[in-house]
file final18.tsv (TSV, N, CA and C atoms)
chain	number	residue	atom	x	y	z
A	1	MET	N	-9.22	7.48	-5.66
A	1	MET	CA	-8.37	6.42	-5.16
A	1	MET	C	-8.68	5.12	-5.90
A	2	LYS	N	-7.67	4.28	-5.99
A	2	LYS	CA	-7.80	2.97	-6.61
A	2	LYS	C	-7.40	1.91	-5.59
A	3	TYR	N	-7.85	0.68	-5.82
A	3	TYR	CA	-7.62	-0.41	-4.87
A	3	TYR	C	-7.21	-1.67	-5.61
A	4	THR	N	-6.41	-2.52	-4.93
A	4	THR	CA	-6.02	-3.81	-5.50
A	4	THR	C	-6.73	-4.93	-4.75
A	5	GLU	N	-6.71	-6.12	-5.35
A	5	GLU	CA	-7.28	-7.29	-4.68
A	5	GLU	C	-6.45	-7.69	-3.48
A	6	GLU	N	-5.23	-7.17	-3.36
A	6	GLU	CA	-4.36	-7.45	-2.22
A	6	GLU	C	-4.56	-6.43	-1.11
A	7	HIS	N	-5.62	-5.62	-1.21
A	7	HIS	CA	-6.02	-4.66	-0.19
A	7	HIS	C	-5.04	-3.50	-0.03
A	8	GLU	N	-4.49	-3.06	-1.15
A	8	GLU	CA	-3.69	-1.86	-1.17
A	8	GLU	C	-4.53	-0.72	-1.75
A	9	TRP	N	-4.26	0.49	-1.30
A	9	TRP	CA	-4.88	1.67	-1.91
A	9	TRP	C	-3.80	2.48	-2.60
A	10	LEU	N	-4.21	3.17	-3.66
A	10	LEU	CA	-3.31	4.04	-4.41
A	10	LEU	C	-3.99	5.38	-4.60
A	11	LYS	N	-3.25	6.44	-4.32
A	11	LYS	CA	-3.79	7.80	-4.48
A	11	LYS	C	-2.81	8.60	-5.31
A	12	VAL	N	-3.29	9.18	-6.40
A	12	VAL	CA	-2.44	10.00	-7.27
A	12	VAL	C	-2.11	11.30	-6.56
A	13	ASP	N	-0.81	11.64	-6.56
A	13	ASP	CA	-0.32	12.87	-5.93
A	13	ASP	C	0.68	13.50	-6.89
A	14	GLY	N	0.19	14.33	-7.80
A	14	GLY	CA	1.06	14.91	-8.82
A	14	GLY	C	1.53	13.84	-9.79
A	15	ASP	N	2.85	13.71	-9.94
A	15	ASP	CA	3.43	12.71	-10.83
A	15	ASP	C	3.64	11.37	-10.13
A	16	GLU	N	3.33	11.33	-8.83
A	16	GLU	CA	3.57	10.11	-8.05
A	16	GLU	C	2.25	9.48	-7.63
A	17	VAL	N	2.36	8.24	-7.15
A	17	VAL	CA	1.22	7.55	-6.56
A	17	VAL	C	1.64	7.16	-5.15
A	18	VAL	N	0.80	7.49	-4.17
A	18	VAL	CA	1.03	7.11	-2.79
A	18	VAL	C	0.34	5.75	-2.58
A	19	VAL	N	1.03	4.82	-1.89
A	19	VAL	CA	0.51	3.46	-1.71
A	19	VAL	C	0.49	3.10	-0.23
A	20	GLY	N	-0.60	2.48	0.19
A	20	GLY	CA	-0.72	1.98	1.55
A	20	GLY	C	-1.65	0.78	1.56
A	21	ILE	N	-1.99	0.30	2.77
A	21	ILE	CA	-2.96	-0.78	2.87
A	21	ILE	C	-4.27	-0.22	3.41
A	22	THR	N	-5.35	-0.88	3.06
A	22	THR	CA	-6.68	-0.41	3.43
A	22	THR	C	-6.97	-0.67	4.91
A	23	GLU	N	-8.00	0.00	5.41
A	23	GLU	CA	-8.45	-0.23	6.78
A	23	GLU	C	-8.81	-1.70	6.97
A	24	HIS	N	-9.45	-2.30	5.96
A	24	HIS	CA	-9.82	-3.71	6.02
A	24	HIS	C	-8.58	-4.57	6.25
A	25	ALA	N	-7.51	-4.32	5.50
A	25	ALA	CA	-6.28	-5.10	5.63
A	25	ALA	C	-5.66	-4.89	7.01
A	26	ALA	N	-5.63	-3.64	7.47
A	26	ALA	CA	-5.04	-3.35	8.78
A	26	ALA	C	-5.80	-4.08	9.89
A	27	GLU	N	-7.13	-4.12	9.78
A	27	GLU	CA	-7.94	-4.83	10.77
A	27	GLU	C	-7.66	-6.33	10.73
A	28	GLN	N	-7.54	-6.90	9.52
A	28	GLN	CA	-7.30	-8.33	9.38
A	28	GLN	C	-5.93	-8.73	9.94
A	29	LEU	N	-4.95	-7.86	9.76
A	29	LEU	CA	-3.59	-8.17	10.21
A	29	LEU	C	-3.45	-8.08	11.73
A	30	GLY	N	-4.21	-7.21	12.35
A	30	GLY	CA	-4.04	-6.98	13.79
A	30	GLY	C	-2.92	-5.97	14.02
A	31	ASP	N	-2.45	-5.89	15.24
A	31	ASP	CA	-1.45	-4.90	15.61
A	31	ASP	C	-0.11	-5.18	14.92
A	32	LEU	N	0.36	-4.20	14.13
A	32	LEU	CA	1.63	-4.35	13.44
A	32	LEU	C	2.78	-4.06	14.40
A	33	VAL	N	3.84	-4.87	14.30
A	33	VAL	CA	4.99	-4.72	15.18
A	33	VAL	C	6.29	-4.47	14.42
A	34	PHE	N	6.30	-4.71	13.10
A	34	PHE	CA	7.52	-4.54	12.31
A	34	PHE	C	7.15	-4.28	10.86
A	35	ILE	N	7.85	-3.34	10.23
A	35	ILE	CA	7.67	-3.07	8.80
A	35	ILE	C	9.03	-2.84	8.17
A	36	GLU	N	9.27	-3.52	7.06
A	36	GLU	CA	10.48	-3.30	6.27
A	36	GLU	C	10.05	-2.80	4.90
A	37	LEU	N	10.53	-1.61	4.54
A	37	LEU	CA	10.13	-0.96	3.29
A	37	LEU	C	11.22	-1.13	2.23
A	38	PRO	N	10.85	-0.95	0.95
A	38	PRO	CA	11.86	-1.04	-0.12
A	38	PRO	C	12.79	0.17	-0.09
A	39	GLU	N	13.88	0.06	-0.83
A	39	GLU	CA	14.81	1.18	-0.96
A	39	GLU	C	14.25	2.20	-1.94
A	40	GLU	N	14.49	3.48	-1.65
A	40	GLU	CA	14.11	4.52	-2.61
A	40	GLU	C	14.98	4.37	-3.86
A	41	GLY	N	14.37	4.60	-5.02
A	41	GLY	CA	15.09	4.53	-6.28
A	41	GLY	C	15.07	3.17	-6.94
A	42	VAL	N	14.53	2.15	-6.26
A	42	VAL	CA	14.51	0.81	-6.82
A	42	VAL	C	13.36	0.70	-7.83
A	43	THR	N	13.61	0.00	-8.93
A	43	THR	CA	12.59	-0.26	-9.94
A	43	THR	C	11.87	-1.54	-9.56
A	44	VAL	N	10.52	-1.50	-9.57
A	44	VAL	CA	9.71	-2.66	-9.18
A	44	VAL	C	8.74	-3.02	-10.30
A	45	ALA	N	8.35	-4.28	-10.30
A	45	ALA	CA	7.36	-4.76	-11.26
A	45	ALA	C	6.12	-5.20	-10.50
A	46	ARG	N	4.96	-5.03	-11.12
A	46	ARG	CA	3.71	-5.44	-10.51
A	46	ARG	C	3.84	-6.88	-10.00
A	47	GLY	N	3.50	-7.08	-8.74
A	47	GLY	CA	3.57	-8.40	-8.15
A	47	GLY	C	4.85	-8.69	-7.38
A	48	ASP	N	5.90	-7.88	-7.55
A	48	ASP	CA	7.13	-8.06	-6.78
A	48	ASP	C	6.82	-7.85	-5.30
A	49	GLU	N	7.28	-8.76	-4.45
A	49	GLU	CA	7.10	-8.58	-3.01
A	49	GLU	C	8.15	-7.58	-2.53
A	50	ILE	N	7.68	-6.40	-2.09
A	50	ILE	CA	8.63	-5.32	-1.79
A	50	ILE	C	8.54	-4.80	-0.36
A	51	VAL	N	7.50	-5.16	0.37
A	51	VAL	CA	7.35	-4.73	1.77
A	51	VAL	C	7.11	-5.97	2.61
A	52	THR	N	7.78	-6.04	3.76
A	52	THR	CA	7.52	-7.10	4.72
A	52	THR	C	6.89	-6.47	5.96
A	53	ILE	N	5.78	-7.05	6.39
A	53	ILE	CA	5.13	-6.58	7.61
A	53	ILE	C	4.91	-7.76	8.54
A	54	GLU	N	5.06	-7.48	9.82
A	54	GLU	CA	4.79	-8.50	10.83
A	54	GLU	C	3.79	-7.91	11.82
A	55	SER	N	2.81	-8.74	12.15
A	55	SER	CA	1.84	-8.34	13.15
A	55	SER	C	1.89	-9.35	14.28
A	56	VAL	N	1.08	-9.12	15.30
A	56	VAL	CA	1.02	-10.09	16.40
A	56	VAL	C	0.43	-11.41	15.90
A	57	LYS	N	-0.25	-11.38	14.76
A	57	LYS	CA	-0.88	-12.59	14.21
A	57	LYS	C	0.01	-13.34	13.22
A	58	ALA	N	0.71	-12.61	12.34
A	58	ALA	CA	1.43	-13.28	11.25
A	58	ALA	C	2.39	-12.31	10.56
A	59	ALA	N	3.21	-12.87	9.69
A	59	ALA	CA	4.07	-12.07	8.82
A	59	ALA	C	3.50	-12.12	7.41
A	60	SER	N	3.59	-11.02	6.69
A	60	SER	CA	3.06	-10.94	5.34
A	60	SER	C	3.99	-10.11	4.47
A	61	ASP	N	3.84	-10.29	3.18
A	61	ASP	CA	4.54	-9.45	2.23
A	61	ASP	C	3.51	-8.65	1.45
A	62	ILE	N	3.91	-7.47	1.05
A	62	ILE	CA	3.06	-6.62	0.23
A	62	ILE	C	3.75	-6.48	-1.12
A	63	ALA	N	2.98	-6.67	-2.17
A	63	ALA	CA	3.51	-6.63	-3.53
A	63	ALA	C	3.37	-5.24	-4.14
A	64	ALA	N	4.24	-4.96	-5.09
A	64	ALA	CA	4.12	-3.72	-5.86
A	64	ALA	C	2.81	-3.77	-6.63
A	65	PRO	N	1.99	-2.72	-6.54
A	65	PRO	CA	0.70	-2.75	-7.22
A	65	PRO	C	0.81	-2.58	-8.73
A	66	LEU	N	1.84	-1.87	-9.19
A	66	LEU	CA	2.06	-1.62	-10.61
A	66	LEU	C	3.55	-1.49	-10.88
A	67	ASP	N	3.94	-1.43	-12.14
A	67	ASP	CA	5.35	-1.25	-12.51
A	67	ASP	C	5.75	0.21	-12.30
A	68	GLY	N	6.95	0.40	-11.76
A	68	GLY	CA	7.45	1.77	-11.59
A	68	GLY	C	8.69	1.83	-10.73
A	69	VAL	N	8.95	3.02	-10.19
A	69	VAL	CA	10.13	3.27	-9.37
A	69	VAL	C	9.69	3.83	-8.03
A	70	ILE	N	10.24	3.28	-6.94
A	70	ILE	CA	9.96	3.77	-5.60
A	70	ILE	C	10.67	5.11	-5.45
A	71	THR	N	9.92	6.17	-5.13
A	71	THR	CA	10.52	7.50	-5.02
A	71	THR	C	10.68	7.96	-3.58
A	72	GLU	N	9.86	7.42	-2.68
A	72	GLU	CA	9.92	7.83	-1.27
A	72	GLU	C	9.30	6.74	-0.42
A	73	VAL	N	9.83	6.55	0.78
A	73	VAL	CA	9.23	5.63	1.74
A	73	VAL	C	8.87	6.43	3.00
A	74	ASN	N	8.01	5.84	3.82
A	74	ASN	CA	7.52	6.52	5.01
A	74	ASN	C	8.28	6.02	6.24
A	75	PRO	N	9.32	6.74	6.68
A	75	PRO	CA	10.11	6.28	7.82
A	75	PRO	C	9.31	6.25	9.13
A	76	ALA	N	8.24	7.02	9.20
A	76	ALA	CA	7.44	7.08	10.43
A	76	ALA	C	6.83	5.73	10.77
A	77	ILE	N	6.44	4.94	9.74
A	77	ILE	CA	5.81	3.65	10.04
A	77	ILE	C	6.84	2.58	10.39
A	78	VAL	N	8.10	2.80	9.99
A	78	VAL	CA	9.16	1.87	10.39
A	78	VAL	C	9.44	2.08	11.89
A	79	ALA	N	9.50	3.35	12.29
A	79	ALA	CA	9.75	3.68	13.69
A	79	ALA	C	8.55	3.34	14.58
A	80	ASN	N	7.34	3.47	14.02
A	80	ASN	CA	6.12	3.23	14.79
A	80	ASN	C	5.09	2.52	13.91
A	81	PRO	N	5.20	1.18	13.77
A	81	PRO	CA	4.28	0.43	12.90
A	81	PRO	C	2.81	0.60	13.28
A	82	ALA	N	2.52	0.96	14.52
A	82	ALA	CA	1.13	1.14	14.95
A	82	ALA	C	0.44	2.26	14.19
A	83	LEU	N	1.19	3.16	13.57
A	83	LEU	CA	0.59	4.23	12.76
A	83	LEU	C	-0.28	3.65	11.66
A	84	VAL	N	0.12	2.50	11.12
A	84	VAL	CA	-0.67	1.88	10.05
A	84	VAL	C	-2.02	1.43	10.60
A	85	ASN	N	-2.04	0.89	11.82
A	85	ASN	CA	-3.30	0.49	12.43
A	85	ASN	C	-4.16	1.70	12.78
A	86	GLU	N	-3.52	2.76	13.24
A	86	GLU	CA	-4.24	3.95	13.68
A	86	GLU	C	-4.80	4.77	12.53
A	87	ASP	N	-4.06	4.87	11.42
A	87	ASP	CA	-4.47	5.74	10.32
A	87	ASP	C	-3.97	5.17	8.98
A	88	PRO	N	-4.50	4.00	8.58
A	88	PRO	CA	-3.97	3.34	7.38
A	88	PRO	C	-4.16	4.13	6.09
A	89	MET	N	-5.14	5.01	6.05
A	89	MET	CA	-5.45	5.71	4.80
A	89	MET	C	-4.76	7.07	4.66
A	90	GLU	N	-4.05	7.51	5.70
A	90	GLU	CA	-3.36	8.81	5.62
A	90	GLU	C	-1.93	8.70	6.11
A	91	ASP	N	-1.70	8.87	7.44
A	91	ASP	CA	-0.35	8.86	8.00
A	91	ASP	C	0.34	7.52	7.87
A	92	GLY	N	-0.42	6.44	7.70
A	92	GLY	CA	0.15	5.10	7.62
A	92	GLY	C	0.52	4.65	6.21
A	93	TRP	N	0.72	5.59	5.28
A	93	TRP	CA	1.11	5.21	3.93
A	93	TRP	C	2.48	4.52	3.94
A	94	PHE	N	2.72	3.67	2.94
A	94	PHE	CA	3.96	2.88	2.88
A	94	PHE	C	5.04	3.52	2.01
A	95	PHE	N	4.68	3.82	0.76
A	95	PHE	CA	5.68	4.38	-0.16
A	95	PHE	C	5.00	5.17	-1.26
A	96	LYS	N	5.82	5.95	-1.96
A	96	LYS	CA	5.38	6.67	-3.15
A	96	LYS	C	6.18	6.11	-4.32
A	97	MET	N	5.54	6.12	-5.48
A	97	MET	CA	6.22	5.62	-6.68
A	97	MET	C	5.77	6.39	-7.90
A	98	THR	N	6.66	6.42	-8.91
A	98	THR	CA	6.25	6.91	-10.22
A	98	THR	C	5.94	5.66	-11.04
A	99	LEU	N	4.91	5.75	-11.85
A	99	LEU	CA	4.47	4.61	-12.64
A	99	LEU	C	5.07	4.63	-14.03
A	100	ASN	N	5.44	3.46	-14.53
A	100	ASN	CA	5.92	3.37	-15.91
A	100	ASN	C	4.80	3.75	-16.87
A	101	ASP	N	3.56	3.35	-16.54
A	101	ASP	CA	2.41	3.63	-17.38
A	101	ASP	C	1.23	4.04	-16.49
A	102	PRO	N	1.03	5.35	-16.29
A	102	PRO	CA	-0.07	5.81	-15.44
A	102	PRO	C	-1.44	5.28	-15.87
A	103	GLY	N	-1.59	4.90	-17.12
A	103	GLY	CA	-2.84	4.34	-17.60
A	103	GLY	C	-3.20	3.03	-16.92
A	104	GLU	N	-2.19	2.33	-16.35
A	104	GLU	CA	-2.45	1.08	-15.65
A	104	GLU	C	-3.35	1.26	-14.44
A	105	LEU	N	-3.42	2.48	-13.90
A	105	LEU	CA	-4.30	2.74	-12.77
A	105	LEU	C	-5.74	2.35	-13.09
A	106	GLU	N	-6.11	2.47	-14.35
A	106	GLU	CA	-7.48	2.16	-14.74
A	106	GLU	C	-7.80	0.68	-14.66
A	107	THR	N	-6.77	-0.17	-14.49
A	107	THR	CA	-7.01	-1.61	-14.36
A	107	THR	C	-7.38	-1.99	-12.93
A	108	LEU	N	-7.28	-1.03	-12.01
A	108	LEU	CA	-7.55	-1.30	-10.59
A	108	LEU	C	-8.98	-0.94	-10.23
A	109	MET	N	-9.42	-1.41	-9.07
A	109	MET	CA	-10.79	-1.16	-8.60
A	109	MET	C	-10.95	0.26	-8.08
A	110	ASP	N	-12.16	0.82	-8.27
A	110	ASP	CA	-12.50	2.07	-7.61
A	110	ASP	C	-13.09	1.74	-6.24
A	111	GLU	N	-13.45	2.77	-5.48
A	111	GLU	CA	-13.97	2.58	-4.12
A	111	GLU	C	-15.18	1.65	-4.09
A	112	GLU	N	-16.12	1.87	-4.98
A	112	GLU	CA	-17.35	1.06	-5.01
A	112	GLU	C	-17.03	-0.41	-5.28
A	113	ALA	N	-16.18	-0.66	-6.27
A	113	ALA	CA	-15.81	-2.04	-6.61
A	113	ALA	C	-15.07	-2.71	-5.45
A	114	TYR	N	-14.22	-1.94	-4.76
A	114	TYR	CA	-13.48	-2.52	-3.64
A	114	TYR	C	-14.43	-2.88	-2.49
A	115	GLN	N	-15.38	-2.01	-2.22
A	115	GLN	CA	-16.34	-2.29	-1.13
A	115	GLN	C	-17.13	-3.57	-1.46
A	116	GLU	N	-17.51	-3.75	-2.71
A	116	GLU	CA	-18.19	-4.98	-3.12
A	116	GLU	C	-17.26	-6.19	-2.98
A	117	TYR	N	-15.98	-6.00	-3.30
A	117	TYR	CA	-14.99	-7.08	-3.23
A	117	TYR	C	-14.83	-7.60	-1.80
A	118	ILE	N	-14.83	-6.69	-0.81
A	118	ILE	CA	-14.60	-7.14	0.57
A	118	ILE	C	-15.89	-7.52	1.29
A	119	ALA	N	-17.02	-7.27	0.65
A	119	ALA	CA	-18.32	-7.59	1.30
A	119	ALA	C	-18.57	-9.09	1.36

call {"tool": "encode", "arguments": {"input": "final18.tsv", "output": "structure tokens"}}
result
Amino acid sequence: MKYTEEHEWLKVDGDEVVVGITEHAAEQLGDLVFIELPEEGVTVARGDEIVTIESVKAASDIAAPLDGVITEVNPAIVANPALVNEDPMEDGWFFKMTLNDPGELETLMDEEAYQEYIA
């Protein structure tokens, strides 16, 4: 798995990358009450704000971690945003994407570097 400074995780799954937010991010946000996901098939660039989330504490946007195309979104978290709080690293994933350049994954943090980053 790889991690961003914006507290997103990325897991390679075949030709796609699954993206979600870390347990640390879910704890910081508090109870999620609303999630708006990007459209499938849309092309995104690293840093584009593509997900809107609202919690009991605040509203936030989540940026695309890398350049690519959104291939699938997780409708379960739209229907039940609490899934992200309950299981951010598995069932609470946000979207899947294909990357324009899979080599860009190497620019992201590994687990050890991310743990040091949040410490």

call {"tool": "select_by_dssp", "arguments": {"input": "final18.tsv", "residues": "region 18-84 of chain A", "states": "helix (DSSP H, G or I)", "output": "mmCIF file with N, CA and C atoms, keeping the file's coordinate frame"}}
result
data_model
loop_
_atom_site.group_PDB
_atom_site.id
_atom_site.type_symbol
_atom_site.label_atom_id
_atom_site.label_comp_id
_atom_site.auth_asym_id
_atom_site.auth_seq_id
_atom_site.Cartn_x
_atom_site.Cartn_y
_atom_site.Cartn_z
ATOM 1 N N GLU A 23 -8.000 0.000 5.410
ATOM 2 C CA GLU A 23 -8.450 -0.230 6.780
ATOM 3 C C GLU A 23 -8.810 -1.700 6.970
ATOM 4 N N HIS A 24 -9.450 -2.300 5.960
ATOM 5 C CA HIS A 24 -9.820 -3.710 6.020
ATOM 6 C C HIS A 24 -8.580 -4.570 6.250
ATOM 7 N N ALA A 25 -7.510 -4.320 5.500
ATOM 8 C CA ALA A 25 -6.280 -5.100 5.630
ATOM 9 C C ALA A 25 -5.660 -4.890 7.010
ATOM 10 N N ALA A 26 -5.630 -3.640 7.470
ATOM 11 C CA ALA A 26 -5.040 -3.350 8.780
ATOM 12 C C ALA A 26 -5.800 -4.080 9.890
ATOM 13 N N GLU A 27 -7.130 -4.120 9.780
ATOM 14 C CA GLU A 27 -7.940 -4.830 10.770
ATOM 15 C C GLU A 27 -7.660 -6.330 10.730
ATOM 16 N N GLN A 28 -7.540 -6.900 9.520
ATOM 17 C CA GLN A 28 -7.300 -8.330 9.380
ATOM 18 C C GLN A 28 -5.930 -8.730 9.940
ATOM 19 N N LEU A 29 -4.950 -7.860 9.760
ATOM 20 C CA LEU A 29 -3.590 -8.170 10.210
ATOM 21 C C LEU A 29 -3.450 -8.080 11.730
ATOM 22 N N PRO A 75 9.320 6.740 6.680
ATOM 23 C CA PRO A 75 10.110 6.280 7.820
ATOM 24 C C PRO A 75 9.310 6.250 9.130
ATOM 25 N N ALA A 76 8.240 7.020 9.200
ATOM 26 C CA ALA A 76 7.440 7.080 10.430
ATOM 27 C C ALA A 76 6.830 5.730 10.770
ATOM 28 N N ILE A 77 6.440 4.940 9.740
ATOM 29 C CA ILE A 77 5.810 3.650 10.040
ATOM 30 C C ILE A 77 6.840 2.580 10.390
ATOM 31 N N VAL A 78 8.100 2.800 9.990
ATOM 32 C CA VAL A 78 9.160 1.870 10.390
ATOM 33 C C VAL A 78 9.440 2.080 11.890
ATOM 34 N N ALA A 79 9.500 3.350 12.290
ATOM 35 C CA ALA A 79 9.750 3.680 13.690
ATOM 36 C C ALA A 79 8.550 3.340 14.580
ATOM 37 N N ALA A 82 2.520 0.960 14.520
ATOM 38 C CA ALA A 82 1.130 1.140 14.950
ATOM 39 C C ALA A 82 0.440 2.260 14.190
ATOM 40 N N LEU A 83 1.190 3.160 13.570
ATOM 41 C CA LEU A 83 0.590 4.230 12.760
ATOM 42 C C LEU A 83 -0.280 3.650 11.660
ATOM 43 N N VAL A 84 0.120 2.500 11.120
ATOM 44 C CA VAL A 84 -0.670 1.880 10.050
ATOM 45 C C VAL A 84 -2.020 1.430 10.600
#

call {"tool": "closest_residue", "arguments": {"input": "final18.tsv", "among": "A:Met97, A:Glu36, A:Val56, A:Asn80", "to": "Val19 (chain A)", "atoms": "only N, CA and C atoms"}}
result
A:Met97

call {"tool": "closest_residue", "arguments": {"input": "final18.tsv", "among": "A:Val84, A:Leu108, A:Ala45, A:Leu66", "to": "Glu23 (chain A)", "atoms": "all atoms listed in the file"}}
result
A:Val84

call {"tool": "closest_residue", "arguments": {"input": "final18.tsv", "among": "A:Val44, A:Ala113, A:Ile62, A:Ile77", "to": "Trp93 (chain A)", "atoms": "all atoms listed in the file"}}
result
A:Ile77

call {"tool": "closest_residue", "arguments": {"input": "final18.tsv", "among": "A:Asp61, A:Ile21, A:Gly68, A:Leu10", "to": "Thr43 (chain A)", "atoms": "all atoms listed in the file"}}
result
A:Gly68

call {"tool": "closest_residue", "arguments": {"input": "final18.tsv", "among": "A:Leu105, A:Ala25, A:Met89, A:Leu32", "to": "Ser55 (chain A)", "atoms": "only C-alpha atoms"}}
result
A:Leu32

call {"tool": "atom_distance", "arguments": {"input": "final18.tsv", "atom1": "atom N of Glu40 (chain A)", "atom2": "atom N of Glu111 (chain A)"}}
result
28.2 Å

call {"tool": "residues_around", "arguments": {"input": "final18.tsv", "residues": "Ala64 (chain A)", "least_positions_apart": "4", "cutoff": "6 Å", "atoms": "all atoms listed in the file", "output": "PyMOL selection string"}}
result
chain A and resi 45-50

call {"tool": "closest_residue", "arguments": {"input": "final18.tsv", "among": "A:Ala26, A:Val42, A:Ala63, A:Leu99", "to": "Glu86 (chain A)", "atoms": "only C-alpha atoms"}}
result
A:Ala26

call {"tool": "atom_distance", "arguments": {"input": "final18.tsv", "atom1": "atom N of Asp13 (chain A)", "atom2": "atom C of Ala119 (chain A)"}}
result
28.4 Å

call {"tool": "select_by_dssp", "arguments": {"input": "final18.tsv", "residues": "region 64-95 of chain A", "states": "strand (DSSP E or B)", "output": "ChimeraX atom specification"}}
result
/A:68-73,95

call {"tool": "axis_aligned_box", "arguments": {"input": "final18.tsv", "around": "region 12-22 of chain A", "padding_each_side": "5 Å", "output": "JSON"}}
result
{"center_x": -1.7, "center_y": 7.0, "center_z": -3.0, "size_x": 20.6, "size_y": 25.8, "size_z": 25.7}

call {"tool": "atom_distance", "arguments": {"input": "final18.tsv", "atom1": "atom C of Val73 (chain A)", "atom2": "CA of Ile118 (chain A)"}}
result
27.2 Å

call {"tool": "residues_around", "arguments": {"input": "final18.tsv", "residues": "Trp9 (chain A)", "least_positions_apart": "6", "cutoff": "6.5 Å", "atoms": "all atoms listed in the file", "output": "PyMOL selection string"}}
result
chain A and resi 1-3+18-22

call {"tool": "write_last_selection", "arguments": {"input": "final18.tsv", "atoms": "N, CA and C atoms", "output": "short mmCIF file (atom, residue, chain, number, x, y, z; two decimals), in the frame of the given file"}}
result
data_model
loop_
_atom_site.label_atom_id
_atom_site.label_comp_id
_atom_site.auth_asym_id
_atom_site.auth_seq_id
_atom_site.Cartn_x
_atom_site.Cartn_y
_atom_site.Cartn_z
N MET A 1 -9.22 7.48 -5.66
CA MET A 1 -8.37 6.42 -5.16
C MET A 1 -8.68 5.12 -5.90
N LYS A 2 -7.67 4.28 -5.99
CA LYS A 2 -7.80 2.97 -6.61
C LYS A 2 -7.40 1.91 -5.59
N TYR A 3 -7.85 0.68 -5.82
CA TYR A 3 -7.62 -0.41 -4.87
C TYR A 3 -7.21 -1.67 -5.61
N VAL A 18 0.80 7.49 -4.17
CA VAL A 18 1.03 7.11 -2.79
C VAL A 18 0.34 5.75 -2.58
N VAL A 19 1.03 4.82 -1.89
CA VAL A 19 0.51 3.46 -1.71
C VAL A 19 0.49 3.10 -0.23
N GLY A 20 -0.60 2.48 0.19
CA GLY A 20 -0.72 1.98 1.55
C GLY A 20 -1.65 0.78 1.56
N ILE A 21 -1.99 0.30 2.77
CA ILE A 21 -2.96 -0.78 2.87
C ILE A 21 -4.27 -0.22 3.41
N THR A 22 -5.35 -0.88 3.06
CA THR A 22 -6.68 -0.41 3.43
C THR A 22 -6.97 -0.67 4.91
#

call {"tool": "residues_near_point", "arguments": {"input": "final18.tsv", "point": "(7.0, 5.1, -8.9)", "cutoff": "7 Å", "atoms": "all atoms listed in the file", "output": "JSON list (two decimals) with N, CA and C atoms, in the coordinates of the input"}}
result
[["chain", "number", "residue", "atom", "x", "y", "z"],
["A", 16, "GLU", "N", 3.33, 11.33, -8.83],
["A", 16, "GLU", "CA", 3.57, 10.11, -8.05],
["A", 16, "GLU", "C", 2.25, 9.48, -7.63],
["A", 17, "VAL", "N", 2.36, 8.24, -7.15],
["A", 17, "VAL", "CA", 1.22, 7.55, -6.56],
["A", 17, "VAL", "C", 1.64, 7.16, -5.15],
["A", 67, "ASP", "N", 3.94, -1.43, -12.14],
["A", 67, "ASP", "CA", 5.35, -1.25, -12.51],
["A", 67, "ASP", "C", 5.75, 0.21, -12.30],
["A", 68, "GLY", "N", 6.95, 0.40, -11.76],
["A", 68, "GLY", "CA", 7.45, 1.77, -11.59],
["A", 68, "GLY", "C", 8.69, 1.83, -10.73],
["A", 69, "VAL", "N", 8.95, 3.02, -10.19],
["A", 69, "VAL", "CA", 10.13, 3.27, -9.37],
["A", 69, "VAL", "C", 9.69, 3.83, -8.03],
["A", 70, "ILE", "N", 10.24, 3.28, -6.94],
["A", 70, "ILE", "CA", 9.96, 3.77, -5.60],
["A", 70, "ILE", "C", 10.67, 5.11, -5.45],
["A", 71, "THR", "N", 9.92, 6.17, -5.13],
["A", 71, "THR", "CA", 10.52, 7.50, -5.02],
["A", 71, "THR", "C", 10.68, 7.96, -3.58],
["A", 96, "LYS", "N", 5.82, 5.95, -1.96],
["A", 96, "LYS", "CA", 5.38, 6.67, -3.15],
["A", 96, "LYS", "C", 6.18, 6.11, -4.32],
["A", 97, "MET", "N", 5.54, 6.12, -5.48],
["A", 97, "MET", "CA", 6.22, 5.62, -6.68],
["A", 97, "MET", "C", 5.77, 6.39, -7.90],
["A", 98, "THR", "N", 6.66, 6.42, -8.91],
["A", 98, "THR", "CA", 6.25, 6.91, -10.22],
["A", 98, "THR", "C", 5.94, 5.66, -11.04],
["A", 99, "LEU", "N", 4.91, 5.75, -11.85],
["A", 99, "LEU", "CA", 4.47, 4.61, -12.64],
["A", 99, "LEU", "C", 5.07, 4.63, -14.03],
["A", 100, "ASN", "N", 5.44, 3.46, -14.53],
["A", 100, "ASN", "CA", 5.92, 3.37, -15.91],
["A", 100, "ASN", "C", 4.80, 3.75, -16.87]]
